[in-house]
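> This is the content of my_file.csv (CSV, C-alpha atoms):
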```csv
chain,number,residue,atom,x,y,z
K,1,MET,CA,-11.5,4.9,29.2
K,2,ARG,CA,-15.3,4.5,28.6
K,3,LEU,CA,-15.0,5.8,25.0
K,4,ARG,CA,-11.9,3.6,24.3
K,5,LYS,CA,-13.8,0.5,25.4
K,6,ALA,CA,-16.8,1.4,23.3
K,7,ALA,CA,-14.5,2.1,20.3
K,8,LYS,CA,-12.9,-1.4,20.8
K,9,LEU,CA,-16.3,-3.0,20.7
K,10,PHE,CA,-17.2,-1.5,17.4
K,11,ASP,CA,-13.8,-2.4,16.0
K,12,GLU,CA,-14.2,-6.0,17.1
K,13,ALA,CA,-17.7,-6.1,15.6
K,14,GLU,CA,-16.3,-5.0,12.2
K,15,ARG,CA,-13.6,-7.6,12.3
K,16,LEU,CA,-16.2,-10.3,13.2
K,17,LEU,CA,-18.3,-9.2,10.2
K,18,ILE,CA,-15.4,-9.5,7.9
K,19,VAL,CA,-14.5,-13.0,9.1
K,20,SER,CA,-17.9,-14.5,9.4
K,21,GLY,CA,-20.0,-12.4,7.1
K,22,GLU,CA,-22.6,-11.6,9.8
K,23,ILE,CA,-23.0,-10.4,13.3
K,24,PRO,CA,-25.5,-11.9,15.8
K,25,GLU,CA,-28.6,-9.8,16.4
K,26,THR,CA,-27.8,-9.8,20.1
K,27,LYS,CA,-24.5,-8.0,19.4
K,28,THR,CA,-26.1,-5.4,17.0
K,29,PHE,CA,-28.8,-4.8,19.6
K,30,TYR,CA,-26.1,-4.3,22.3
K,31,LEU,CA,-24.1,-1.9,20.1
K,32,GLY,CA,-27.3,0.0,19.4
K,33,LYS,CA,-27.8,0.4,23.2
K,34,ILE,CA,-24.2,1.7,23.5
K,35,ILE,CA,-25.0,4.4,20.9
K,36,GLU,CA,-28.2,5.3,22.8
K,37,LEU,CA,-26.1,6.0,25.9
K,38,LEU,CA,-23.6,8.0,23.9
K,39,ILE,CA,-26.3,10.2,22.5
K,40,GLN,CA,-27.9,10.7,25.9
K,41,ASP,CA,-24.5,11.9,27.3
K,42,GLY,CA,-24.7,14.9,25.0
K,43,GLU,CA,-20.9,15.1,24.7
K,44,PHE,CA,-20.9,15.1,20.9
K,45,SER,CA,-21.3,17.9,18.3
K,46,PRO,CA,-24.6,18.1,16.4
K,47,ALA,CA,-23.0,16.6,13.3
K,48,GLU,CA,-21.5,13.7,15.3
K,49,THR,CA,-24.8,13.2,17.1
K,50,GLU,CA,-26.6,12.9,13.8
K,51,LYS,CA,-24.0,10.3,12.7
K,52,LEU,CA,-24.6,8.4,15.9
K,53,LYS,CA,-28.4,8.5,15.3
K,54,ALA,CA,-28.0,7.2,11.7
K,55,ALA,CA,-25.8,4.4,13.0
K,56,HIS,CA,-28.3,3.5,15.6
K,57,LYS,CA,-31.0,3.1,12.9
K,58,VAL,CA,-28.8,0.8,10.9
K,59,LEU,CA,-28.0,-1.4,13.9
K,60,ILE,CA,-31.6,-1.6,15.1
K,61,GLU,CA,-32.8,-2.5,11.6
K,62,SER,CA,-29.9,-4.9,11.0
K,63,SER,CA,-29.2,-3.4,7.6
K,64,HIS,CA,-26.2,-5.5,6.6
K,65,GLN,CA,-25.8,-3.6,3.4
K,66,ASP,CA,-24.6,-0.6,5.4
K,67,LEU,CA,-23.4,-2.4,8.5
K,68,ARG,CA,-19.6,-2.4,7.9
K,69,TYR,CA,-19.6,1.2,7.0
K,70,THR,CA,-21.5,2.0,10.1
K,71,LEU,CA,-19.3,0.1,12.4
K,72,ASN,CA,-16.2,1.5,10.8
K,73,SER,CA,-17.3,5.1,11.0
K,74,ILE,CA,-18.5,4.9,14.6
K,75,TYR,CA,-15.2,3.3,15.6
K,76,TYR,CA,-13.2,6.1,14.2
K,77,LEU,CA,-15.6,8.8,15.5
K,78,LEU,CA,-15.1,7.4,19.1
K,79,LEU,CA,-11.3,7.0,18.5
K,80,ALA,CA,-11.0,10.6,17.6
K,81,GLU,CA,-13.0,11.6,20.7
K,82,THR,CA,-10.3,9.9,22.8
K,83,GLY,CA,-7.6,12.0,21.2
K,84,ARG,CA,-6.1,8.9,19.6
K,85,TYR,CA,-5.7,8.5,15.8
K,86,PRO,CA,-5.1,5.3,13.9
K,87,SER,CA,-1.8,4.0,12.7
K,88,ASP,CA,-1.5,2.5,9.2
K,89,TRP,CA,-1.6,-1.0,10.6
K,90,ASP,CA,-5.0,-0.3,12.3
K,91,PHE,CA,-6.9,-0.1,9.1
K,92,ILE,CA,-8.9,-3.2,8.0
K,93,GLU,CA,-8.9,-4.0,4.3
K,94,PRO,CA,-9.9,-7.6,3.7
K,95,SER,CA,-8.2,-9.2,0.7
K,96,GLY,CA,-8.8,-12.9,1.0
K,97,SER,CA,-6.3,-15.2,-0.6
K,98,LEU,CA,-5.1,-14.1,-4.0
K,99,ASP,CA,-5.2,-16.6,-6.9
K,100,PRO,CA,-1.8,-16.5,-8.7
K,101,SER,CA,-3.4,-18.1,-11.8
K,102,LYS,CA,-5.5,-14.9,-12.3
K,103,ARG,CA,-2.5,-12.7,-12.2
K,104,CYS,CA,-1.3,-11.0,-15.4
K,105,SER,CA,2.2,-9.6,-15.9
K,106,PHE,CA,4.3,-8.1,-18.6
K,107,PRO,CA,7.3,-10.4,-19.3
K,108,GLY,CA,10.5,-8.4,-18.8
K,109,MET,CA,9.0,-5.7,-16.6
K,110,GLN,CA,11.1,-6.0,-13.4
K,111,VAL,CA,11.9,-3.9,-10.4
K,112,TYR,CA,15.1,-3.5,-8.2
K,113,LEU,CA,14.5,-2.1,-4.7
K,114,GLU,CA,17.8,-0.6,-3.5
K,115,ASP,CA,18.0,-0.2,0.2
K,116,ILE,CA,14.3,0.7,0.8
K,117,ARG,CA,14.2,0.9,4.6
K,118,SER,CA,10.6,1.2,5.4
K,119,PRO,CA,8.5,-2.0,5.5
K,120,PHE,CA,5.4,0.2,4.7
K,121,ASN,CA,7.1,1.4,1.5
K,122,VAL,CA,8.2,-2.1,0.5
K,123,GLY,CA,4.7,-3.4,1.1
K,124,ALA,CA,3.1,-0.6,-0.9
K,125,ILE,CA,5.6,-1.1,-3.7
K,126,PHE,CA,4.7,-4.8,-3.9
K,127,ARG,CA,1.0,-4.0,-4.0
K,128,THR,CA,1.6,-1.4,-6.8
K,129,ALA,CA,3.9,-3.8,-8.7
K,130,GLU,CA,1.3,-6.5,-8.6
K,131,SER,CA,-1.4,-4.2,-9.8
K,132,PHE,CA,0.6,-2.9,-12.8
K,133,GLY,CA,1.9,-6.3,-14.0
K,134,VAL,CA,5.5,-6.5,-12.7
K,135,GLU,CA,7.1,-9.8,-13.6
K,136,LYS,CA,9.6,-9.9,-10.7
K,137,ILE,CA,11.0,-7.8,-7.9
K,138,TRP,CA,14.7,-7.9,-6.9
K,139,LEU,CA,15.8,-6.7,-3.4
K,140,SER,CA,19.2,-5.3,-2.3
K,141,PRO,CA,20.8,-6.9,0.7
K,142,LEU,CA,19.8,-4.0,3.0
K,143,CYS,CA,16.2,-3.6,1.7
K,144,ALA,CA,13.5,-4.1,4.3
K,145,ASP,CA,12.0,-7.6,4.5
K,146,PRO,CA,8.8,-8.1,2.5
K,147,ARG,CA,7.8,-10.6,5.2
K,148,HIS,CA,7.9,-8.0,7.9
K,149,LYS,CA,4.4,-7.9,9.4
K,150,ARG,CA,3.9,-4.3,8.4
K,151,ALA,CA,5.1,-4.9,4.8
K,152,GLU,CA,2.8,-7.9,4.5
K,153,ARG,CA,-0.1,-5.9,6.0
K,154,THR,CA,0.4,-3.1,3.4
K,155,ALA,CA,1.0,-5.5,0.5
K,156,MET,CA,-2.4,-7.2,1.1
K,157,GLY,CA,-1.2,-10.6,-0.1
K,158,CYS,CA,0.9,-9.4,-3.0
K,159,VAL,CA,4.1,-10.6,-1.4
K,160,ASP,CA,2.8,-14.2,-1.9
K,161,ILE,CA,2.0,-13.9,-5.6
K,162,VAL,CA,4.7,-11.5,-7.0
K,163,PRO,CA,8.0,-13.4,-7.6
K,164,TRP,CA,10.8,-11.8,-5.7
K,165,GLU,CA,14.4,-12.5,-4.7
K,166,ARG,CA,16.8,-10.9,-2.3
K,167,LEU,CA,20.4,-10.5,-3.7
K,168,SER,CA,23.4,-11.1,-1.5
K,169,TYR,CA,25.3,-8.3,-3.2
K,170,HIS,CA,24.6,-4.9,-4.9
K,171,PRO,CA,24.5,-5.7,-8.6
K,172,PHE,CA,26.0,-2.4,-9.7
K,173,SER,CA,29.0,-2.5,-7.3
K,174,GLY,CA,31.2,-4.3,-9.8
K,175,LYS,CA,31.2,-7.5,-7.7
K,176,THR,CA,30.1,-10.8,-9.2
K,177,GLU,CA,28.2,-13.4,-7.2
K,178,LEU,CA,26.6,-16.8,-7.8
K,179,GLN,CA,23.1,-15.2,-8.0
K,180,GLN,CA,22.4,-14.0,-11.5
K,181,PHE,CA,20.9,-10.5,-11.8
K,182,PRO,CA,19.3,-10.1,-15.2
K,183,ALA,CA,21.4,-8.5,-18.0
K,184,ALA,CA,18.6,-6.2,-18.9
K,185,PRO,CA,18.4,-2.4,-19.6
K,186,VAL,CA,18.0,-0.4,-16.4
K,187,PHE,CA,16.6,3.0,-15.6
K,188,ALA,CA,16.4,4.9,-12.3
K,189,LEU,CA,13.5,6.6,-10.6
K,190,GLU,CA,15.3,9.7,-9.5
K,191,THR,CA,15.1,13.5,-9.6
K,192,GLY,CA,17.0,15.4,-12.3
K,193,GLY,CA,16.1,13.0,-15.0
K,194,ILE,CA,13.9,13.0,-18.1
K,195,PRO,CA,10.3,14.1,-17.3
K,196,ILE,CA,7.9,11.1,-17.2
K,197,SER,CA,5.9,12.5,-20.1
K,198,ASP,CA,9.0,12.5,-22.3
K,199,PHE,CA,10.7,9.3,-21.1
K,200,THR,CA,10.9,6.3,-23.4
K,201,PHE,CA,9.8,3.3,-21.4
K,202,PRO,CA,11.3,0.0,-22.6
K,203,LYS,CA,9.6,-3.2,-23.7
K,204,LYS,CA,11.8,-5.0,-21.2
K,205,GLY,CA,13.8,-3.5,-18.5
K,206,ILE,CA,14.4,-3.0,-14.8
K,207,ILE,CA,13.4,0.1,-12.9
K,208,ILE,CA,15.6,1.0,-9.9
K,209,ALA,CA,13.9,2.6,-6.8
K,210,GLY,CA,16.3,3.8,-4.2
K,211,SER,CA,16.6,4.6,-0.5
K,212,GLU,CA,14.0,7.0,1.1
K,213,GLU,CA,16.9,9.1,2.4
K,214,LEU,CA,19.7,8.8,-0.1
K,215,GLY,CA,17.9,7.9,-3.3
K,216,VAL,CA,19.5,5.7,-5.9
K,217,SER,CA,23.2,4.9,-5.3
K,218,PRO,CA,25.9,6.6,-7.4
K,219,GLU,CA,26.8,3.1,-8.8
K,220,ALA,CA,23.2,2.4,-9.8
K,221,LEU,CA,22.8,5.9,-11.3
K,222,ALA,CA,25.9,5.4,-13.4
K,223,ALA,CA,24.5,2.1,-14.7
K,224,SER,CA,21.2,3.8,-15.5
K,225,ASP,CA,22.9,6.7,-17.2
K,226,ALA,CA,24.8,4.2,-19.4
K,227,SER,CA,21.6,2.4,-20.2
K,228,LEU,CA,18.1,3.9,-20.3
K,229,GLY,CA,18.7,6.9,-18.1
K,230,ARG,CA,16.6,8.5,-15.3
K,231,VAL,CA,12.9,9.1,-15.2
K,232,SER,CA,11.6,12.0,-13.0
K,233,ILE,CA,8.2,13.2,-12.0
K,234,PRO,CA,7.9,17.0,-12.3
K,235,THR,CA,6.6,18.6,-9.0
K,236,HIS,CA,5.4,22.1,-8.3
K,237,GLY,CA,5.3,22.4,-4.5
K,238,ALA,CA,7.7,23.7,-1.9
K,239,LYS,CA,8.7,20.2,-0.9
K,240,ALA,CA,9.5,19.2,-4.5
K,241,SER,CA,9.7,15.5,-3.7
K,242,LEU,CA,7.4,12.5,-3.3
K,243,ASN,CA,7.4,9.4,-1.1
K,244,VAL,CA,9.2,6.6,-2.9
K,245,SER,CA,6.2,4.3,-3.0
K,246,VAL,CA,3.9,7.1,-4.3
K,247,ALA,CA,6.5,8.1,-7.0
K,248,PHE,CA,6.9,4.4,-7.9
K,249,GLY,CA,3.1,4.1,-8.4
K,250,ILE,CA,3.0,7.1,-10.8
K,251,VAL,CA,5.8,5.8,-12.9
K,252,MET,CA,4.5,2.2,-13.0
K,253,GLN,CA,1.1,3.4,-14.3
K,254,ALA,CA,2.9,5.2,-17.1
K,255,TRP,CA,5.1,2.2,-17.9
K,256,ALA,CA,2.2,-0.2,-17.9
K,257,GLU,CA,0.2,2.0,-20.2
K,258,VAL,CA,3.1,1.9,-22.7
K,259,MET,CA,3.4,-1.9,-22.3
K,260,GLU,CA,-0.3,-2.3,-23.1
K,261,GLU,CA,0.1,-0.2,-26.3
K,262,LYS,CA,3.0,-2.3,-27.4
K,263,ASP,CA,1.1,-5.5,-26.8
K,264,ALA,CA,-1.9,-4.2,-28.7
```
Give the structure from the file, written as structure tokens.


Amino acid sequence: MRLRKAAKLFDEAERLLIVSGEIPETKTFYLGKIIELLIQDGEFSPAETEKLKAAHKVLIESSHQDLRYTLNSIYYLLLAETGRYPSDWDFIEPSGSLDPSKRCSFPGMQVYLEDIRSPFNVGAIFRTAESFGVEKIWLSPLCADPRHKRAERTAMGCVDIVPWERLSYHPFSGKTELQQFPAAPVFALETGGIPISDFTFPKKGIIIAGSEELGVSPEALAASDASLGRVSIPTHGAKASLNVSVAFGIVMQAWAEVMEEKDA
């Protein structure tokens, strides 16, 4: 219980530093005293003790250049001592508000997320899509909500500046709806396709990323095969597969590189 309380104090101090840009000297002095007590207890390994001593020096000297790193590392050191490890949503990564006017995108580079179930994956895909210049993201009816708190946390503000739209139907099911899905070439991110190094990325098109469990649906695969095909990432491990958001990032980097060459 004592270590958990100490860890919480360092976590709160880091969050205060992020919000206000500084921490009162009284607080850094108090945190320094906590570290002194932890060192005196002698419950830490030599390497951990040295880390505590280095942190104590930063706090006493009020070295703001290293302060956030110090607070963060001590928080996780203490957290590990309690036997508890962080979840994805515990991490602090300040982004501030993103300025849409500074965003660059490639016209015609679009994404269709088909039944991605994990808010973490949706958020990660939004963040990656923003980084590589995606013009718009389309969501299937069953795709996780980008406004889910965990998706927004992972996306780091990108849900607000990347245009997106949820469809009320699956566009490759043969049904027609009032919402207009673009009549653009499509290709699927799926195993068993053309290796990424040999795939011909389009100037304009829509990449389909499918469910974590089922992959891209048969209907969407059929549409892709009749259009631009399937792009695959060769793997060499026993698992022979990648998390969908990781695979998406690899493919988007390759597509963006081709788009830059075509714009040059």

> At most 12 Å is the cut-off: for each residue in stretch 157-220 of chain K with any atom that close to an atom of stretch 237-245 of chain K, write down the nearest atom pair and the distance in Å rounded to one decimal, counting only C-alpha atoms, chain first then increasing number, as a tab-separated table.


```
residue	atom	partner	partner_atom	distance
K:Ala188	CA	K:Val244	CA	12.0
K:Leu189	CA	K:Val244	CA	8.8
K:Glu190	CA	K:Val244	CA	9.5
K:Thr191	CA	K:Ser241	CA	8.2
K:Gly192	CA	K:Ser241	CA	11.3
K:Ile208	CA	K:Val244	CA	11.0
K:Ala209	CA	K:Val244	CA	7.3
K:Gly210	CA	K:Val244	CA	7.7
K:Ser211	CA	K:Val244	CA	8.0
K:Glu212	CA	K:Val244	CA	6.3
K:Glu213	CA	K:Val244	CA	9.7
K:Leu214	CA	K:Val244	CA	11.1
K:Gly215	CA	K:Val244	CA	8.8
K:Val216	CA	K:Val244	CA	10.8
```

> Have a look at K:Ala222, K:Leu139, K:Ala144, K:Leu71 and name the one nearest to K:Gln110; count only C-alpha atoms.

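Ranked by minimum distance to K:Gln110, first place goes to K:Leu139.
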
> Just how far from atom CA of K:Pro100 is atom CA of K:Ala256, in Å to one decimal?

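Going from atom CA of K:Ala256 over to atom CA of K:Pro100, I get 19.1 Å.
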
> When you draw a straight line from atom CA of K:Gly21 to atom CA of K:Thr70, how long is it in Å?

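These atoms are spaced 14.8 Å apart.
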
> Using Å and a single decimal, report how far atom CA of K:Leu3 sits from atom CA of K:Ile34.

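Between atom CA of K:Ile34 and atom CA of K:Leu3 the gap works out to 10.2 Å.
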
> Please identify all polymer residues within 10 Å of K:Thr49, counting only C-alpha atoms, omitting same-chain residues fewer than 4 positions from it, and present them as a list in words.

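Near neighbours after the sequence-gap exclusion: Ile35, Leu38, Ile39, Gln40, Gly42, Glu43, Phe44, Ser45, Lys53, Ala54 and Ala55 of chain K.
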
> Could you put an axis-aligned box around every listed atom of stretch 207-222 of chain K, padded by 5 Å on each side, and send me its centre and edge lengths in Å to one decimal, as lines of an AutoDock Vina configuration file?


```
center_x = 20.1
center_y = 4.6
center_z = -5.5
size_x = 23.4
size_y = 19.0
size_z = 25.8
```

> Need to verify the contact set: K:Gly229, 10 Å, all atoms listed in the file, exclusion of same-chain residues closer than 3 positions in sequence. Can you return it as JSON, numbers by chain?

{"K": [185, 186, 187, 188, 189, 190, 193, 194, 199, 200, 221, 222, 223, 224, 225, 226]}

> Measuring between all atoms listed in the file, which one of K:Ala220, K:Val231, K:Leu142, K:Met156 shows the shortest distance to K:Ile125?

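Under the stated criterion, the closest residue is K:Met156.
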
> For K:Asp99, which residue among K:Asn121, K:Asp160, K:Ala129, K:Leu16 is the nearest when counting only C-alpha atoms?

K:Asp160

> Can you write stretch 143-206 of chain K from the block above with C-alpha atoms, as a PDB file, in the first residue's frame?


```pdb
ATOM      1  CA  CYS K 143     -16.510  -1.007 -36.427  1.00  0.00           C
ATOM      2  CA  ALA K 144     -15.548   0.193 -32.931  1.00  0.00           C
ATOM      3  CA  ASP K 145     -16.395   3.815 -32.184  1.00  0.00           C
ATOM      4  CA  PRO K 146     -13.522   6.289 -32.759  1.00  0.00           C
ATOM      5  CA  ARG K 147     -15.103   8.356 -29.977  1.00  0.00           C
ATOM      6  CA  HIS K 148     -14.655   5.560 -27.464  1.00  0.00           C
ATOM      7  CA  LYS K 149     -12.393   6.933 -24.726  1.00  0.00           C
ATOM      8  CA  ARG K 150      -9.723   4.321 -25.378  1.00  0.00           C
ATOM      9  CA  ALA K 151      -9.777   4.976 -29.121  1.00  0.00           C
ATOM     10  CA  GLU K 152      -9.469   8.730 -28.585  1.00  0.00           C
ATOM     11  CA  ARG K 153      -6.709   8.168 -26.039  1.00  0.00           C
ATOM     12  CA  THR K 154      -4.725   6.108 -28.547  1.00  0.00           C
ATOM     13  CA  ALA K 155      -5.452   8.423 -31.481  1.00  0.00           C
ATOM     14  CA  MET K 156      -4.029  11.435 -29.602  1.00  0.00           C
ATOM     15  CA  GLY K 157      -6.339  14.003 -31.177  1.00  0.00           C
ATOM     16  CA  CYS K 158      -6.330  12.541 -34.698  1.00  0.00           C
ATOM     17  CA  VAL K 159     -10.010  11.575 -34.550  1.00  0.00           C
ATOM     18  CA  ASP K 160     -10.729  15.316 -34.532  1.00  0.00           C
ATOM     19  CA  ILE K 161      -8.726  16.214 -37.625  1.00  0.00           C
ATOM     20  CA  VAL K 162      -8.971  13.177 -39.912  1.00  0.00           C
ATOM     21  CA  PRO K 163     -12.316  13.240 -41.769  1.00  0.00           C
ATOM     22  CA  TRP K 164     -14.293  10.063 -41.142  1.00  0.00           C
ATOM     23  CA  GLU K 165     -17.757   8.693 -41.703  1.00  0.00           C
ATOM     24  CA  ARG K 166     -19.606   5.629 -40.469  1.00  0.00           C
ATOM     25  CA  LEU K 167     -21.605   3.771 -43.086  1.00  0.00           C
ATOM     26  CA  SER K 168     -25.014   2.321 -42.297  1.00  0.00           C
ATOM     27  CA  TYR K 169     -24.329  -0.661 -44.568  1.00  0.00           C
ATOM     28  CA  HIS K 170     -21.442  -2.801 -45.826  1.00  0.00           C
ATOM     29  CA  PRO K 171     -20.519  -1.287 -49.186  1.00  0.00           C
ATOM     30  CA  PHE K 172     -19.463  -4.603 -50.772  1.00  0.00           C
ATOM     31  CA  SER K 173     -22.582  -6.528 -49.779  1.00  0.00           C
ATOM     32  CA  GLY K 174     -24.471  -5.576 -52.924  1.00  0.00           C
ATOM     33  CA  LYS K 175     -26.923  -3.340 -51.074  1.00  0.00           C
ATOM     34  CA  THR K 176     -27.410   0.282 -52.062  1.00  0.00           C
ATOM     35  CA  GLU K 177     -27.987   3.030 -49.542  1.00  0.00           C
ATOM     36  CA  LEU K 178     -28.364   6.795 -49.488  1.00  0.00           C
ATOM     37  CA  GLN K 179     -24.813   7.183 -48.205  1.00  0.00           C
ATOM     38  CA  GLN K 180     -22.374   7.319 -51.086  1.00  0.00           C
ATOM     39  CA  PHE K 181     -19.275   5.169 -50.775  1.00  0.00           C
ATOM     40  CA  PRO K 182     -16.610   6.343 -53.251  1.00  0.00           C
ATOM     41  CA  ALA K 183     -16.448   4.584 -56.594  1.00  0.00           C
ATOM     42  CA  ALA K 184     -12.685   4.181 -56.332  1.00  0.00           C
ATOM     43  CA  PRO K 185     -10.247   1.314 -56.840  1.00  0.00           C
ATOM     44  CA  VAL K 186      -9.922  -0.847 -53.720  1.00  0.00           C
ATOM     45  CA  PHE K 187      -7.323  -3.210 -52.327  1.00  0.00           C
ATOM     46  CA  ALA K 188      -7.278  -5.385 -49.233  1.00  0.00           C
ATOM     47  CA  LEU K 189      -4.669  -5.671 -46.508  1.00  0.00           C
ATOM     48  CA  GLU K 190      -4.738  -9.444 -46.186  1.00  0.00           C
ATOM     49  CA  THR K 191      -2.542 -12.520 -46.133  1.00  0.00           C
ATOM     50  CA  GLY K 192      -1.988 -14.517 -49.298  1.00  0.00           C
ATOM     51  CA  GLY K 193      -1.717 -11.472 -51.524  1.00  0.00           C
ATOM     52  CA  ILE K 194       1.046  -9.664 -53.420  1.00  0.00           C
ATOM     53  CA  PRO K 195       4.114  -8.966 -51.234  1.00  0.00           C
ATOM     54  CA  ILE K 196       4.303  -5.330 -50.234  1.00  0.00           C
ATOM     55  CA  SER K 197       7.577  -4.838 -52.115  1.00  0.00           C
ATOM     56  CA  ASP K 198       5.929  -5.936 -55.385  1.00  0.00           C
ATOM     57  CA  PHE K 199       2.510  -4.353 -54.929  1.00  0.00           C
ATOM     58  CA  THR K 200       1.571  -1.457 -57.212  1.00  0.00           C
ATOM     59  CA  PHE K 201       0.019   1.201 -55.004  1.00  0.00           C
ATOM     60  CA  PRO K 202      -2.518   3.471 -56.711  1.00  0.00           C
ATOM     61  CA  LYS K 203      -2.523   7.226 -57.034  1.00  0.00           C
ATOM     62  CA  LYS K 204      -6.089   7.116 -55.714  1.00  0.00           C
ATOM     63  CA  GLY K 205      -7.718   4.230 -53.950  1.00  0.00           C
ATOM     64  CA  ILE K 206      -9.159   2.744 -50.781  1.00  0.00           C
TER      65      ILE K 206
END
```
